[in-house]
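For reference, the structure is listed below as structure tokens.
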Amino acid sequence: MKNIPNILTFSRVILAILLLLFFDRISPLFIFIFVIAMLTDLIDGILARKMNVCSNLGAFLDSIADFLLDMSLIKIVYTMNVMTFELTVWMLVALGIGAISPIINFIKHKTVFFIHSVPCKLCMWMLLGIPFAIQLGFINVYIVATLSIITFSMIELVIMSILLTEPDPNARSVYSVIKQNKALKV
């Protein structure tokens, strides 16, 4: 019973791999699988907290599942040739900034962990809209908005990693880290 959140997260890993391997365009089946995967993303964390079974394994699996799901969407966007060179560079720079966070975490805390901040979750939910933005014909504007949020989120992750005094994959924002640090000093 206590493994249900991790089972949901692992199912998202499997669904994301299916999307990566077998889909080159958006279809009703792609959207169905993608929505199921996103629902597991919503439910797994809520269940883990409610059942008091949050774990490092669950947090790590969640990050891997999110990454794979993101990659399935990026693959779709690229196969549709809607990403300009400038948007591609922007995306790579944003992802590069985000890659700094786990490196800082490892150097500071001697453990690898990914922070699940509120802006990171917002990024995931923005990515959810990509298939619909493609269908509705405003994908370029949507990508710019999504990349803006992703860039902000990645910069925030780096700042959070610098500020964290203890490993905390569930830190919610820079504000929550500052508040936590002040509480530790008292």
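The chains in the structure tokens are called A, B, ... from first to last as shown; in each chain the residues are counted from 1, and the ligands are counted from 1 in the order shown.
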
Write out as a tab-separated table (two decimals) with all heavy atoms, in the first residue's frame which residues come within 8 Å of stretch 81-91 of chain A when counting only C-alpha atoms, dropping same-chain ones fewer than 2 positions away.
chain	number	residue	atom	x	y	z
A	77	VAL	N	7.87	18.62	-30.70
A	77	VAL	CA	8.02	19.99	-31.19
A	77	VAL	C	9.08	20.03	-32.29
A	77	VAL	O	8.91	20.69	-33.32
A	77	VAL	CB	8.35	20.96	-30.03
A	77	VAL	CG1	8.78	22.32	-30.55
A	77	VAL	CG2	7.15	21.10	-29.11
A	78	TYR	N	10.19	19.32	-32.12
A	78	TYR	CA	11.24	19.32	-33.13
A	78	TYR	C	10.83	18.61	-34.41
A	78	TYR	O	11.20	19.04	-35.50
A	78	TYR	CB	12.54	18.74	-32.58
A	78	TYR	CG	13.32	19.77	-31.84
A	78	TYR	CD1	13.33	19.81	-30.46
A	78	TYR	CD2	14.02	20.76	-32.52
A	78	TYR	CE1	14.02	20.80	-29.79
A	78	TYR	CE2	14.71	21.74	-31.86
A	78	TYR	CZ	14.70	21.75	-30.49
A	78	TYR	OH	15.38	22.73	-29.83
A	79	THR	N	10.09	17.53	-34.28
A	79	THR	CA	9.68	16.82	-35.50
A	79	THR	C	8.68	17.64	-36.31
A	79	THR	O	8.53	17.42	-37.50
A	79	THR	CB	9.08	15.44	-35.18
A	79	THR	OG1	7.95	15.59	-34.33
A	79	THR	CG2	10.10	14.52	-34.56
A	93	VAL	N	20.17	26.91	-23.38
A	93	VAL	CA	20.76	27.75	-22.33
A	93	VAL	C	19.97	27.57	-21.03
A	93	VAL	O	20.55	27.37	-19.95
A	93	VAL	CB	20.81	29.23	-22.75
A	93	VAL	CG1	21.13	30.13	-21.57
A	93	VAL	CG2	21.83	29.42	-23.86
A	94	ALA	N	18.63	27.60	-21.12
A	94	ALA	CA	17.80	27.42	-19.92
A	94	ALA	C	18.04	26.06	-19.28
A	94	ALA	O	18.21	25.95	-18.06
A	94	ALA	CB	16.32	27.60	-20.27
A	95	LEU	N	18.09	25.02	-20.10
A	95	LEU	CA	18.35	23.67	-19.57
A	95	LEU	C	19.76	23.57	-18.99
A	95	LEU	O	19.99	22.89	-17.99
A	95	LEU	CB	18.12	22.61	-20.64
A	95	LEU	CG	16.66	22.48	-21.11
A	95	LEU	CD1	16.57	21.47	-22.26
A	95	LEU	CD2	15.73	22.10	-19.99
A	139	ILE	N	1.51	27.84	-31.36
A	139	ILE	CA	2.63	27.17	-30.72
A	139	ILE	C	3.82	28.10	-30.50
A	139	ILE	O	4.48	28.03	-29.46
A	139	ILE	CB	3.06	25.90	-31.50
A	139	ILE	CG1	4.13	25.12	-30.72
A	139	ILE	CG2	3.52	26.21	-32.89
A	139	ILE	CD1	3.69	24.61	-29.38
A	140	ASN	N	4.15	28.98	-31.44
A	140	ASN	CA	5.32	29.85	-31.27
A	140	ASN	C	5.18	30.77	-30.07
A	140	ASN	O	6.11	30.92	-29.29
A	140	ASN	CB	5.60	30.64	-32.55
A	140	ASN	CG	6.14	29.76	-33.66
A	140	ASN	OD1	6.79	28.75	-33.39
A	140	ASN	ND2	5.84	30.10	-34.89
A	144	VAL	N	7.42	30.59	-26.49
A	144	VAL	CA	8.10	31.74	-25.89
A	144	VAL	C	7.66	31.91	-24.44
A	144	VAL	O	8.49	32.10	-23.54
A	144	VAL	CB	7.86	33.03	-26.71
A	144	VAL	CG1	8.32	34.26	-25.96
A	144	VAL	CG2	8.57	32.94	-28.06
A	147	LEU	N	9.17	28.96	-22.44
A	147	LEU	CA	10.61	29.14	-22.25
A	147	LEU	C	10.92	30.24	-21.24
A	147	LEU	O	11.89	30.15	-20.49
A	147	LEU	CB	11.31	29.40	-23.58
A	147	LEU	CG	11.53	28.18	-24.47
A	147	LEU	CD1	12.09	28.60	-25.82
A	147	LEU	CD2	12.43	27.16	-23.80

Surrounding residues of stretch 25-35 of chain A excluding itself and chain neighbours under 6 positions, 10 Å, only C-alpha atoms, as a list in words: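 With the cut-off at 10 Å, the set is Arg12, Leu15, Ala16, Leu18, Leu19, Asp41, Leu69, Ser72, Leu73, Lys75, Ile76, Val77, Tyr78, Thr79, Met80, Leu128, Ile130, Pro131, Phe132, Ile134 and Gln135 of chain A.
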
Take the residues just selected and output them with N, CA and C atoms as a PDB file, in the first residue's frame.
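Result written to selection_10.pdb:
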ATOM      1  N   ARG A  12       4.724   6.563 -14.794  1.00  0.00           N
ATOM      2  CA  ARG A  12       4.970   7.749 -15.618  1.00  0.00           C
ATOM      3  C   ARG A  12       6.281   7.597 -16.387  1.00  0.00           C
ATOM      4  N   LEU A  15       5.350   5.345 -19.273  1.00  0.00           N
ATOM      5  CA  LEU A  15       4.534   6.074 -20.253  1.00  0.00           C
ATOM      6  C   LEU A  15       5.384   7.076 -21.041  1.00  0.00           C
ATOM      7  N   ALA A  16       6.284   7.769 -20.359  1.00  0.00           N
ATOM      8  CA  ALA A  16       7.145   8.737 -21.036  1.00  0.00           C
ATOM      9  C   ALA A  16       8.069   8.042 -22.030  1.00  0.00           C
ATOM     10  N   LEU A  18       7.400   5.261 -23.604  1.00  0.00           N
ATOM     11  CA  LEU A  18       6.539   4.903 -24.738  1.00  0.00           C
ATOM     12  C   LEU A  18       6.336   6.108 -25.663  1.00  0.00           C
ATOM     13  N   LEU A  19       6.073   7.262 -25.066  1.00  0.00           N
ATOM     14  CA  LEU A  19       5.887   8.467 -25.876  1.00  0.00           C
ATOM     15  C   LEU A  19       7.155   8.819 -26.649  1.00  0.00           C
ATOM     16  N   ASP A  41       1.572  12.441 -12.350  1.00  0.00           N
ATOM     17  CA  ASP A  41       2.457  13.455 -11.776  1.00  0.00           C
ATOM     18  C   ASP A  41       1.740  14.249 -10.693  1.00  0.00           C
ATOM     19  N   LEU A  69       9.265  12.885 -19.736  1.00  0.00           N
ATOM     20  CA  LEU A  69       8.037  13.450 -20.298  1.00  0.00           C
ATOM     21  C   LEU A  69       8.344  14.749 -21.047  1.00  0.00           C
ATOM     22  N   SER A  72       9.819  13.895 -24.372  1.00  0.00           N
ATOM     23  CA  SER A  72       8.842  13.436 -25.367  1.00  0.00           C
ATOM     24  C   SER A  72       8.178  14.625 -26.044  1.00  0.00           C
ATOM     25  N   LEU A  73       7.917  15.682 -25.279  1.00  0.00           N
ATOM     26  CA  LEU A  73       7.311  16.881 -25.869  1.00  0.00           C
ATOM     27  C   LEU A  73       8.296  17.628 -26.752  1.00  0.00           C
ATOM     28  N   LYS A  75      10.736  16.356 -28.374  1.00  0.00           N
ATOM     29  CA  LYS A  75      10.866  15.567 -29.609  1.00  0.00           C
ATOM     30  C   LYS A  75       9.711  15.887 -30.568  1.00  0.00           C
ATOM     31  N   ILE A  76       8.498  15.951 -30.054  1.00  0.00           N
ATOM     32  CA  ILE A  76       7.333  16.262 -30.891  1.00  0.00           C
ATOM     33  C   ILE A  76       7.481  17.651 -31.517  1.00  0.00           C
ATOM     34  N   VAL A  77       7.870  18.623 -30.695  1.00  0.00           N
ATOM     35  CA  VAL A  77       8.019  19.990 -31.190  1.00  0.00           C
ATOM     36  C   VAL A  77       9.083  20.035 -32.292  1.00  0.00           C
ATOM     37  N   TYR A  78      10.187  19.318 -32.116  1.00  0.00           N
ATOM     38  CA  TYR A  78      11.243  19.323 -33.127  1.00  0.00           C
ATOM     39  C   TYR A  78      10.829  18.612 -34.408  1.00  0.00           C
ATOM     40  N   THR A  79      10.089  17.525 -34.279  1.00  0.00           N
ATOM     41  CA  THR A  79       9.679  16.821 -35.502  1.00  0.00           C
ATOM     42  C   THR A  79       8.679  17.642 -36.309  1.00  0.00           C
ATOM     43  N   MET A  80       8.027  18.599 -35.653  1.00  0.00           N
ATOM     44  CA  MET A  80       7.072  19.455 -36.350  1.00  0.00           C
ATOM     45  C   MET A  80       7.750  20.702 -36.927  1.00  0.00           C
ATOM     46  N   LEU A 128       2.356  20.705 -20.594  1.00  0.00           N
ATOM     47  CA  LEU A 128       1.123  19.976 -20.874  1.00  0.00           C
ATOM     48  C   LEU A 128       0.322  20.660 -21.976  1.00  0.00           C
ATOM     49  N   ILE A 130       1.432  22.175 -24.619  1.00  0.00           N
ATOM     50  CA  ILE A 130       2.061  22.173 -25.942  1.00  0.00           C
ATOM     51  C   ILE A 130       1.241  21.420 -26.991  1.00  0.00           C
ATOM     52  N   PRO A 131       0.775  20.202 -26.695  1.00  0.00           N
ATOM     53  CA  PRO A 131      -0.027  19.525 -27.734  1.00  0.00           C
ATOM     54  C   PRO A 131      -1.264  20.334 -28.146  1.00  0.00           C
ATOM     55  N   PHE A 132      -1.875  21.004 -27.186  1.00  0.00           N
ATOM     56  CA  PHE A 132      -3.079  21.778 -27.479  1.00  0.00           C
ATOM     57  C   PHE A 132      -2.724  23.069 -28.231  1.00  0.00           C
ATOM     58  N   ILE A 134      -0.270  23.396 -30.261  1.00  0.00           N
ATOM     59  CA  ILE A 134       0.016  22.976 -31.634  1.00  0.00           C
ATOM     60  C   ILE A 134      -1.286  22.825 -32.403  1.00  0.00           C
ATOM     61  N   GLN A 135      -2.250  22.143 -31.790  1.00  0.00           N
ATOM     62  CA  GLN A 135      -3.533  21.912 -32.456  1.00  0.00           C
ATOM     63  C   GLN A 135      -4.276  23.225 -32.733  1.00  0.00           C
TER      64      GLN A 135
END

Nearby residues (only C-alpha atoms) at most 10 Å from A:Met51, same-chain spacing under 5 positions excluded, as a list in words: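 Returned residues: Met1, Lys2, Asn3, Ile4, Pro5, Gly45 and Ile46 of chain A.
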
Those in stretch 5-127 of chain A with alpha helix (DSSP H) from DSSP, as a PyMOL selection string: chain A and resi 5-22+28-50+56-79+85-109+118-127

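Distance check against A:Pro119 using only C-alpha atoms: of A:Asn181, A:Thr9, A:Thr40, A:Thr146, the minimum falls on A:Thr146.
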
Contact residues around A:Leu164 with only C-alpha atoms at 12 Å, ignoring same-chain residues under 4 positions, as a count of residues only: 31

Which of A:Ile43, A:Asp24, A:Cys120, A:Lys110 sits closest to A:Ser63 [using only C-alpha atoms]: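 With only C-alpha atoms as the atom set, the closest residue is A:Cys120.
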
Among the residues A:Ala183, A:Val141, A:Leu92, A:Met154, the one that comes closest to A:Cys123 [using only C-alpha atoms]: A:Met154

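The smallest atom-to-atom distance between A:Ala59 and any of A:Ile155, A:Ile149, A:Val112, A:Ala37, using only C-alpha atoms, is found for A:Val112.
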
Between atom CA of A:Leu68 and atom CA of A:Ile17 - distance in Å to one decimal: 6.7 Å

Atom CA of A:Ser11 to atom CA of A:Ala48, straight-line distance in Å: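 Taking atom CA of A:Ala48 and atom CA of A:Ser11, their separation equals 15.0 Å.
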
Atom CA of A:Asp70 to atom CA of A:Leu127, distance in Å rounded to a single decimal: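 Between atom CA of A:Asp70 and atom CA of A:Leu127 the gap is 7.2 Å.
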